[in-house]
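Chemist: I'd like to ask some things about the structure below.
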Amino acid sequence: MIAGIEMGGTKTVVAVGQGDGTVLEEHRFPTTGGEETFSRAIEWLNERGVPEGIGVGAFGPVSVNKTRADYGRMLPTPKPGWAGFSIVGALASAFPLARVEIETDVNVAVLAEADGRDDVAYITIGTGIGGGVMADGKLVHGAVHSEFGHWYPRRAPGDDFEGVCPFHGDCLEGLASGPAMLKRWGREAKDLSEGSQAWDFESHYLAEAAVTLLASVNPVKVVIGGGVSQAPGFHAMVEKKLRERAKGYFVALEENSPFVVPPKHGQQAGIRGALMLVG
Ligand code: ADP
Ligand code: ZN
């Protein structure tokens, strides 16, 4: 038996399943503090047996680089009950024989969406913006983990919105997350109509993100998920703007169409990827 845990900002998913990502049984509950959330996940797993491996997809900031002394711990965060919490510690004391692997939530999603390809990027647009990268068949962390939501795109023509990122104002997350759309347009992204200028701006910023990924880690596709990406026609709009920017220059883009795609596994990508970590 192997297990997966997907920690989300609002809900946690725990599952038992197979190494190819197949979920056999799952349980969802609201995310509270670290101790309580993991007690609930462990209790549910205990009723099902003893897992040989447990894969975890965690929200940040979390230490996922195995060369760090704090590997498997949550890093300083204002989120109540999480700063310094040891995910590895909680799981190792409950299941001492289990192999435990921890990744960021976006990296487990990229693993589930890679579909046998070695070079794939994943962006999620919801309350925040996060990005995961698999390059040369490996999940990329950098020194701590990627913070792809916080780079600075070029402005969409006519956009002078100051942005909502508490640290940077107009980084990608500040300009294009769900809360950014709410503040800029005065309504939720899901309530913005199809022809609205909002989608012209939004697809501009995601095309900036996609071209930056192409130029840096050179994926064969960019998967865009999260609530905001569910707007009708969104992926096609981003792809069109991406090809306008790219000007035929990037071989990986020329060789792959469609290039900007929704997640094949939808809401299940995270939990599937968590299982695949120990598959
Ligand atoms: P979280 O980051 O909390 O998991 P979600 O990924 O669910 O959040 O994204 C929430 C955001 O997605 C909100 O801004 C909401 O307005 C937007 N959203 C949800 N459904 C749609 C839709 N069909 N079209 C456009 N935006 C949507
Ligand atoms: Zn920022």
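Residues in the structure tokens are numbered from 1 in each chain, the chains being A, B, ... in the order shown, and ligands are numbered from 1 in the order shown.
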For ligand 1, return the neighbouring residues as number ranges by chain (distance at most 12 Å; only C-alpha atoms and all ligand atoms).
Modeler: A: 6-12, 31, 59, 105-106, 123-130, 173, 176-194, 196, 198-199, 202, 224-235, 266-267, 270
Chemist: Pick out each residue of range 72-210 of chain A that DSSP on the backbone tags as alpha helix (DSSP H); I need them as a PyMOL selection string.
Modeler: chain A and resi 87-94+105-113+172-176+178-185+197-210
Chemist: Between A:Phe95, A:Tyr249, A:Tyr205, A:Phe167, which residue has the minimum interatomic distance to ligand 2, considering only C-alpha atoms and all ligand atoms?
Modeler: A:Phe167
Chemist: Distance limit 10 Å, reference ligand 2, atoms considered: only C-alpha atoms and all ligand atoms. Which residues make the cut? Give them as a ChimeraX atom specification.
Modeler: /A:128-129,147-152,163-175
Chemist: Taking into account only C-alpha atoms, which residue in the set A:Asp136, A:Pro51, A:Pro263, A:Phe85 is nearest to Asp118 in chain A?
Modeler: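 Looking only at the distances to Asp118 in chain A, the closest residue turns out to be A:Asp136.
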Chemist: Have a look at CA of Gln18 in chain A and CA of Asn65 in chain A and let me know their distance in Å, one decimal.
Modeler: 24.6 Å
Chemist: Using only C-alpha atoms, determine which residues lie at most 10 Å from Gly33 in chain A, disregarding the query and same-chain residues fewer than 5 positions distant; provide the list as a ChimeraX atom specification.
Modeler: /A:38,79-83,85
Chemist: Using only C-alpha atoms, find the one residue out of A:Ser63, A:Thr104, A:Gln268, A:Ser216 that sits nearest to Glu26 in chain A.
Modeler: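 Counting only C-alpha atoms, the residue closest to Glu26 in chain A is A:Gln268.
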Chemist: Using only C-alpha atoms, which residue out of A:Leu214, A:Ala121, A:Ala143, A:Val251 lies closest to Val64 in chain A?
Modeler: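 For Val64 in chain A, the nearest of the candidates is A:Ala143.
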